[in-house]
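target_35.cif follows; it contains mmCIF, C-alpha atoms.
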data_coords
loop_
_atom_site.label_atom_id
_atom_site.label_comp_id
_atom_site.auth_asym_id
_atom_site.auth_seq_id
_atom_site.Cartn_x
_atom_site.Cartn_y
_atom_site.Cartn_z
CA MET A 1 -3.77 4.94 18.15
CA TYR A 2 -5.35 4.95 14.73
CA SER A 3 -9.09 5.51 14.42
CA ILE A 4 -10.57 2.68 12.36
CA ARG A 5 -13.50 4.88 11.38
CA HIS A 6 -11.18 7.62 10.14
CA LEU A 7 -9.08 5.13 8.17
CA ILE A 8 -12.17 3.64 6.50
CA VAL A 9 -13.51 7.08 5.55
CA LEU A 10 -10.11 8.09 4.20
CA THR A 11 -9.89 4.90 2.16
CA ALA A 12 -13.39 5.34 0.73
CA GLU A 13 -12.72 8.94 -0.31
CA SER A 14 -9.43 8.17 -2.01
CA PHE A 15 -10.48 4.95 -3.71
CA SER A 16 -13.56 6.66 -5.14
CA ASP A 17 -11.19 9.19 -6.72
CA MET A 18 -9.05 6.44 -8.24
CA LEU A 19 -11.80 4.89 -10.36
CA PRO A 20 -12.32 7.92 -12.64
CA ALA A 21 -8.53 8.25 -12.87
CA LEU A 22 -8.27 4.66 -14.11
CA GLU A 23 -10.88 5.35 -16.77
CA GLN A 24 -9.02 8.50 -17.76
CA ALA A 25 -5.67 6.72 -18.01
CA PHE A 26 -6.86 3.67 -19.94
CA ASN A 27 -9.54 5.26 -22.11
CA ARG A 28 -10.23 3.96 -25.60
CA SER A 29 -9.66 7.22 -27.43
CA ARG A 30 -7.03 6.78 -30.14
CA GLU A 31 -6.37 10.51 -30.08
CA ASP A 32 -5.24 10.39 -26.45
CA ASP A 33 -1.50 9.72 -26.56
CA ARG A 34 -0.60 10.73 -23.01
CA LEU A 35 0.46 7.23 -22.01
CA GLU A 36 2.79 7.09 -25.00
CA GLU A 37 4.72 10.06 -23.63
CA VAL A 38 5.50 8.03 -20.51
CA PHE A 39 5.75 4.44 -21.71
CA GLY A 40 6.38 4.81 -25.44
CA PRO A 41 4.48 3.14 -28.30
CA ARG A 42 1.86 0.55 -27.32
CA PRO A 43 1.84 1.80 -23.70
CA ARG A 44 -0.73 -0.72 -22.46
CA TRP A 45 1.41 -3.62 -23.58
CA VAL A 46 4.47 -1.95 -22.10
CA ILE A 47 2.71 -1.59 -18.74
CA VAL A 48 1.61 -5.24 -18.81
CA GLY A 49 5.13 -6.29 -19.73
CA LEU A 50 6.64 -4.20 -16.93
CA ILE A 51 4.29 -5.69 -14.37
CA LEU A 52 4.91 -9.29 -15.44
CA ALA A 53 8.66 -8.73 -15.71
CA CYS A 54 8.79 -7.31 -12.19
CA LEU A 55 6.64 -10.06 -10.70
CA ILE A 56 8.56 -12.87 -12.39
CA GLY A 57 11.93 -11.16 -12.06
CA GLY A 58 11.40 -10.61 -8.36
CA GLN A 59 10.69 -14.29 -7.80
CA ILE A 60 13.81 -15.24 -9.73
CA VAL A 61 15.94 -12.81 -7.73
CA GLU A 62 14.64 -14.13 -4.42
CA TRP A 63 15.12 -17.73 -5.56
CA ALA A 64 18.68 -17.07 -6.72
CA THR A 65 19.60 -15.22 -3.52
CA ALA A 66 17.48 -17.18 -1.07
CA ASP A 67 20.22 -17.11 1.57
CA LEU A 68 20.05 -13.33 1.91
CA ALA A 69 18.24 -12.26 5.08
CA VAL A 70 17.10 -9.05 3.40
CA TRP A 71 14.20 -10.88 1.73
CA ARG A 72 12.65 -11.41 5.14
CA VAL A 73 11.73 -7.72 5.24
CA LEU A 74 11.78 -6.76 1.56
CA ASP A 75 10.05 -8.06 -1.53
CA ALA A 76 12.10 -8.17 -4.72
CA SER A 77 9.09 -7.83 -7.01
CA ALA A 78 7.93 -4.72 -5.18
CA LEU A 79 11.42 -3.21 -5.38
CA LEU A 80 11.66 -3.85 -9.11
CA MET A 81 8.19 -2.48 -9.78
CA ALA A 82 8.79 0.63 -7.68
CA ALA A 83 12.05 1.31 -9.51
CA ALA A 84 10.58 0.68 -12.97
CA PHE A 85 7.53 2.91 -12.55
CA ALA A 86 9.46 5.59 -10.65
CA LEU A 87 11.98 5.84 -13.50
CA ALA A 88 9.18 6.12 -16.06
CA PHE A 89 7.35 8.74 -14.02
CA ARG A 90 10.50 10.75 -13.30
CA ARG A 91 11.41 10.88 -16.98
CA TYR A 92 8.02 12.43 -17.67
CA LEU A 93 7.91 14.69 -14.60
CA PHE A 94 11.42 16.11 -14.88
CA GLY A 95 11.94 15.80 -18.63
CA PRO A 96 11.82 18.50 -21.30
CA ARG A 97 8.02 18.53 -21.40
CA GLU A 98 6.55 20.36 -18.41
CA PRO A 99 3.59 18.45 -16.94
CA GLY A 100 0.51 20.23 -15.66
CA PRO A 101 -1.53 19.76 -12.46
CA GLU A 102 -4.16 17.90 -14.48
CA ASP A 103 -1.65 15.15 -15.29
CA PHE A 104 -1.63 13.56 -11.85
CA PRO A 105 -4.74 11.32 -11.99
CA TRP A 106 -4.00 9.47 -15.21
CA LEU A 107 -0.27 9.26 -14.48
CA ALA A 108 -0.70 7.83 -10.98
CA ALA A 109 -3.47 5.49 -12.12
CA THR A 110 -1.05 3.55 -14.31
CA LEU A 111 0.44 2.12 -11.10
CA ILE A 112 -2.88 0.69 -9.90
CA PRO A 113 -2.93 -2.48 -12.08
CA GLY A 114 0.58 -3.38 -10.96
CA ALA A 115 -0.23 -2.86 -7.29
CA ALA A 116 -3.41 -4.93 -7.62
CA LEU A 117 -1.72 -7.82 -9.43
CA MET A 118 1.19 -7.83 -6.98
CA THR A 119 -1.24 -8.02 -4.06
CA LEU A 120 -3.14 -10.86 -5.73
CA ALA A 121 0.08 -12.74 -6.49
CA ALA A 122 1.21 -12.39 -2.87
CA LEU A 123 -2.18 -13.62 -1.64
CA VAL A 124 -2.11 -16.69 -3.88
CA GLY A 125 1.48 -17.42 -2.90
CA LYS A 126 0.68 -17.31 0.81
CA MET A 127 -2.31 -19.59 0.31
CA VAL A 128 -0.20 -22.08 -1.64
CA ASP A 129 2.35 -22.01 1.19
CA GLY A 130 -0.37 -23.12 3.60
CA GLU A 131 -0.76 -19.90 5.56
CA VAL A 132 -4.55 -20.26 5.42
CA SER A 133 -5.48 -23.03 7.82
CA VAL A 134 -7.91 -24.11 10.51
CA LEU A 135 -6.95 -23.35 14.10
CA ALA A 136 -6.15 -26.39 16.24
CA GLY A 137 -9.32 -27.79 17.77
CA ALA A 138 -11.47 -25.19 16.03
CA PRO A 139 -14.32 -25.58 13.51
CA GLY A 140 -13.65 -25.20 9.79
CA TRP A 141 -15.03 -21.68 9.52
CA THR A 142 -12.01 -20.35 11.44
CA THR A 143 -10.06 -20.47 8.18
CA VAL A 144 -11.72 -17.11 7.54
CA GLY A 145 -9.53 -15.56 10.23
CA SER A 146 -6.25 -16.77 8.76
CA PHE A 147 -7.46 -15.83 5.27
CA LEU A 148 -8.16 -12.26 6.39
CA VAL A 149 -4.72 -12.08 8.00
CA VAL A 150 -3.15 -13.19 4.72
CA VAL A 151 -5.19 -10.60 2.80
CA ALA A 152 -4.02 -7.87 5.18
CA ASP A 153 -0.39 -8.96 4.89
CA SER A 154 -0.66 -9.01 1.09
CA LEU A 155 -1.97 -5.44 1.10
CA ALA A 156 1.29 -4.43 2.77
CA LEU A 157 3.06 -4.86 -0.58
CA ALA A 158 0.70 -2.47 -2.33
CA ALA A 159 1.06 0.05 0.48
CA GLY A 160 4.85 -0.21 0.40
CA LEU A 161 4.90 0.11 -3.39
CA THR A 162 2.74 3.23 -3.25
CA ILE A 163 4.91 4.92 -0.64
CA ALA A 164 8.11 3.95 -2.46
CA VAL A 165 6.99 5.40 -5.79
CA ALA A 166 5.72 8.56 -4.08
CA ALA A 167 9.02 9.04 -2.26
CA LEU A 168 11.10 8.42 -5.39
CA CYS A 169 9.05 10.73 -7.61
CA TYR A 170 8.41 13.71 -5.36
CA SER A 171 11.97 14.96 -5.27
CA LYS A 172 13.99 15.86 -8.33
CA ARG A 173 17.18 15.09 -6.39
CA TRP A 174 17.80 11.35 -6.17
CA SER A 175 19.60 11.74 -2.83
CA GLY A 176 16.59 13.44 -1.27
CA ALA A 177 14.20 10.89 -2.73
CA LEU A 178 16.19 7.92 -1.45
CA LYS A 179 16.55 9.50 2.00
CA GLN A 180 12.80 10.04 2.26
CA LEU A 181 12.19 6.48 1.12
CA LEU A 182 14.57 5.02 3.70
CA VAL A 183 13.04 7.00 6.57
CA GLN A 184 9.51 6.05 5.57
CA PHE A 185 10.44 2.40 5.09
CA ILE A 186 11.94 2.13 8.58
CA THR A 187 8.88 3.80 10.12
CA PHE A 188 6.55 1.53 8.16
CA LYS A 189 8.36 -1.64 9.20
CA VAL A 190 8.51 -0.63 12.87
CA ILE A 191 4.74 -0.07 12.95
CA VAL A 192 4.09 -3.44 11.31
CA PHE A 193 6.50 -5.19 13.69
CA ILE A 194 4.77 -3.74 16.74
CA MET A 195 1.33 -4.72 15.46
CA VAL A 196 2.47 -8.28 14.73
CA ILE A 197 3.91 -8.60 18.24
CA LEU A 198 0.74 -7.28 19.88
CA PHE A 199 -1.89 -9.09 17.85
CA VAL A 200 -0.19 -12.23 16.56
CA GLU A 201 2.63 -13.19 18.91
CA LEU A 202 1.22 -11.97 22.24
CA GLY A 203 -2.44 -12.20 21.27
CA ILE A 204 -3.34 -9.27 23.47
CA VAL A 205 -6.92 -8.77 22.26
CA GLY A 206 -7.84 -12.43 22.55
CA ALA A 207 -6.33 -12.56 26.04
CA VAL A 208 -8.38 -9.55 27.14
CA VAL A 209 -11.58 -11.14 25.79
CA SER A 210 -10.83 -14.40 27.62
CA VAL A 211 -10.18 -12.54 30.88
CA LEU A 212 -13.41 -10.54 30.60
CA PHE A 213 -15.49 -13.66 30.05
CA GLY A 214 -13.58 -15.37 32.85
CA LEU A 215 -14.77 -12.71 35.28
CA PHE A 216 -18.29 -14.02 34.71
CA GLY A 217 -17.22 -17.63 35.12
CA ILE A 218 -17.30 -18.36 31.39
CA ARG A 219 -14.35 -20.35 30.12
CA LEU A 220 -13.80 -20.01 26.39
CA PRO A 221 -11.98 -22.51 24.17
CA SER A 222 -8.40 -21.45 23.46
CA TRP A 223 -9.12 -20.99 19.75
CA ILE A 224 -11.65 -18.24 20.51
CA GLY A 225 -8.87 -15.94 21.66
CA GLN A 226 -6.82 -16.80 18.59
CA ILE A 227 -9.63 -16.08 16.15
CA VAL A 228 -10.34 -12.78 17.91
CA ASP A 229 -6.68 -11.85 17.50
CA GLN A 230 -6.77 -12.77 13.83
CA PHE A 231 -9.87 -10.69 13.14
CA SER A 232 -8.47 -7.76 15.15
CA TYR A 233 -5.15 -7.85 13.33
CA ALA A 234 -6.78 -8.15 9.91
CA LEU A 235 -9.19 -5.29 10.60
CA LEU A 236 -6.57 -2.91 11.95
CA MET A 237 -3.71 -3.68 9.58
CA GLY A 238 -5.96 -4.02 6.54
CA SER A 239 -7.44 -0.62 7.34
CA VAL A 240 -3.99 0.89 7.89
CA TYR A 241 -2.59 -0.46 4.62
CA CYS A 242 -5.60 0.70 2.60
CA ALA A 243 -5.43 4.08 4.32
CA VAL A 244 -1.72 4.38 3.49
CA ILE A 245 -2.53 3.77 -0.17
CA GLY A 246 -5.41 6.23 -0.08
CA ALA A 247 -3.51 8.88 1.87
CA ALA A 248 -0.56 8.62 -0.52
CA TRP A 249 -2.92 9.16 -3.45
CA MET A 250 -4.61 12.19 -1.88
CA ALA A 251 -1.37 13.73 -0.61
CA CYS A 252 0.38 13.27 -3.95
CA ARG A 253 -2.57 14.77 -5.79
CA GLN A 254 -2.65 17.79 -3.48
CA ARG A 255 1.13 18.35 -3.63
CA PHE A 256 1.48 17.74 -7.37
CA PRO A 257 1.41 21.45 -8.33
CA GLU A 258 4.15 22.10 -5.75
CA LEU A 259 6.25 19.31 -7.25
CA ILE A 260 5.92 20.80 -10.73
CA GLU A 261 6.77 24.30 -9.54
CA LYS A 262 9.64 23.57 -7.13
CA GLY A 263 10.91 20.17 -8.24
CA GLU A 264 10.12 18.53 -4.91
CA ALA A 265 7.37 18.30 -2.31
CA ASP A 266 7.19 16.77 1.16
CA VAL A 267 4.48 14.29 0.34
CA LEU A 268 5.37 11.77 3.06
CA SER A 269 4.62 14.24 5.87
CA ALA A 270 1.29 14.90 4.21
CA VAL A 271 0.58 11.16 4.15
CA LYS A 272 1.25 10.90 7.89
CA ALA A 273 -0.98 13.91 8.56
CA LEU A 274 -3.85 12.32 6.67
CA ILE A 275 -3.56 8.95 8.40
CA ASP A 276 -3.18 10.41 11.88
CA PRO A 277 -4.85 13.86 12.01
CA ASP A 278 -4.01 16.42 14.69
CA LYS A 279 -5.81 16.50 18.01
CA ASP A 280 -8.46 18.86 16.74
CA GLY A 281 -9.35 16.41 14.00
CA LYS A 282 -8.51 18.96 11.33
CA LYS A 283 -7.40 17.62 7.98
CA LEU A 284 -3.95 18.88 7.17
CA VAL A 285 -4.31 17.95 3.51
CA GLU A 286 -7.39 18.66 1.48
CA ALA A 287 -9.28 15.88 -0.19
CA PRO A 288 -9.38 16.03 -4.00
CA GLY A 289 -12.97 17.17 -3.99
CA ASP A 290 -12.17 20.06 -1.64
CA GLN A 291 -9.74 21.71 -3.99
CA ALA A 292 -10.80 24.64 -6.09
#
Any chance you could put this one into structure tokens?
Amino acid sequence: MYSIRHLIVLTAESFSDMLPALEQAFNRSREDDRLEEVFGPRPRWVIVGLILACLIGGQIVEWATADLAVWRVLDASALLMAAAFALAFRRYLFGPREPGPEDFPWLAATLIPGAALMTLAALVGKMVDGEVSVLAGAPGWTTVGSFLVVVADSLALAAGLTIAVAALCYSKRWSGALKQLLVQFITFKVIVFIMVILFVELGIVGAVVSVLFGLFGIRLPSWIGQIVDQFSYALLMGSVYCAVIGAAWMACRQRFPELIEKGEADVLSAVKALIDPDKDGKKLVEAPGDQA
């Protein structure tokens, strides 16, 4: 089972490393043309255009093919964005110009605005669809529980996008990249499915709380168990999704020199090792600040 404390620490370490990278990528220096090598002239506008095109294009694709069951487990906008940024990154990584280890932060940081906007769009969409609501027979403040669940579910898109781009970029061979992506996607979806069954469908945490109070003769309203399940699910899954994003960042940063040298690196195994350390609690991948 995941350690919430470990996931929070991992998230804090990685996210604190992303902020300087964002400043480095989108600095105001006119002499810094690194983004132009990846996205061409006017790179900031190109990035904005890519993000909007993927978000809008994904909605159009899902609307036009609404009968396809695949959209129950996939998000078209996330797929388009992963493909667009992966192609741009791969052209830079495996093109005629050889990148250096110092290129990782600013290059990876260009994906952050897209991931953030996609998460926000998903959150707004779920709220518009009425997924944030008061539990039956419960006071109004219980909307907080459903809101946190929606936030956690929206973060899943950013986590999936991060893993997809990492898988597609950390192997020069397309076949190897797609294989890694497929394996990771199946694993990711299985974990989410199990968590949804335990916390949402079965309501295991809320049931345990009700039983414990029942032992002391205290009968709780039915909505208490539901709100406990919502908070438990949001805390665990939100922590897992943020940790996946953070672990992908740290693992990709650590394995970037290997990618440049060999043309591929097993970054997904490193992500798993960071999220779920070995029994001795030893980090299998160094944090950015630990590197020489």
What residues come out when you apply the PyMOL selection byres ((chain A and resi 114) around 10) to this file, written as a short mmCIF file (atom, residue, chain, number, x, y, z; two decimals) with C-alpha atoms, keeping the file's coordinate frame?
data_model
loop_
_atom_site.label_atom_id
_atom_site.label_comp_id
_atom_site.auth_asym_id
_atom_site.auth_seq_id
_atom_site.Cartn_x
_atom_site.Cartn_y
_atom_site.Cartn_z
CA ILE A 47 2.71 -1.59 -18.74
CA VAL A 48 1.61 -5.24 -18.81
CA LEU A 50 6.64 -4.20 -16.93
CA ILE A 51 4.29 -5.69 -14.37
CA LEU A 52 4.91 -9.29 -15.44
CA CYS A 54 8.79 -7.31 -12.19
CA LEU A 55 6.64 -10.06 -10.70
CA ALA A 78 7.93 -4.72 -5.18
CA MET A 81 8.19 -2.48 -9.78
CA ALA A 82 8.79 0.63 -7.68
CA PHE A 85 7.53 2.91 -12.55
CA ALA A 109 -3.47 5.49 -12.12
CA THR A 110 -1.05 3.55 -14.31
CA LEU A 111 0.44 2.12 -11.10
CA ILE A 112 -2.88 0.69 -9.90
CA PRO A 113 -2.93 -2.48 -12.08
CA ALA A 115 -0.23 -2.86 -7.29
CA ALA A 116 -3.41 -4.93 -7.62
CA LEU A 117 -1.72 -7.82 -9.43
CA MET A 118 1.19 -7.83 -6.98
CA THR A 119 -1.24 -8.02 -4.06
CA LEU A 120 -3.14 -10.86 -5.73
CA ALA A 158 0.70 -2.47 -2.33
CA LEU A 161 4.90 0.11 -3.39
#
Inset, instruction - Could you expand the PyMOL selection byres ((chain A and resi 236) around 10) into the explicit residues it covers here, written as a VMD selection string? - result: chain A and resid 2 to 4 7 152 195 199 231 to 235 237 to 241
Inset, instruction - Please provide as number ranges by chain all residues within 9 Å of region 39-45 of chain A, with the sequence filter that same-chain residues fewer than 5 positions apart are discarded (counting all atoms listed in the file). - result: A: 26, 50, 88-89
Inset, instruction - Enter the distance from CA of Glu264 (chain A) to CA of Ala12 (chain A), in Å, rounded to one decimal. - result: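 Spanning CA of Glu264 (chain A) to CA of Ala12 (chain A) is a straight-line distance of 27.5 Å.
Coordinates place CA of Ser146 (chain A) at a distance of 26.4 Å from CA of Leu79 (chain A).
For the pair CA of Trp141 (chain A) and CA of Lys126 (chain A), the interatomic distance is 18.5 Å.
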Inset, instruction - Would you mind listing what lies within 10 Å of region 246-249 of chain A as JSON, numbers by chain, with all atoms listed in the file counted and same-chain residues fewer than 2 positions away left out? - result: {"A": [7, 8, 9, 10, 11, 12, 13, 14, 15, 16, 17, 18, 104, 105, 108, 109, 159, 162, 163, 165, 166, 167, 240, 241, 242, 243, 244, 251, 252, 253, 254, 267, 268, 269, 270, 271, 272, 273, 274, 275, 285, 287, 288]}
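When all atoms listed in the file are used to measure the gap to Gly140 (chain A), the shortest distance among A:Tyr92, A:Trp71, A:Trp223, A:Trp63 belongs to A:Trp223.
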Inset, instruction - Fewer than 4 positions away in the same chain doesn't count, so skip those; otherwise give me all residues within 10 Å of region 131-139 of chain A, counting all atoms listed in the file, as JSON, numbers by chain. - result: {"A": [123, 125, 126, 127, 143, 144, 145, 146, 147, 148, 149, 150, 221, 222, 223, 224, 226, 227]}
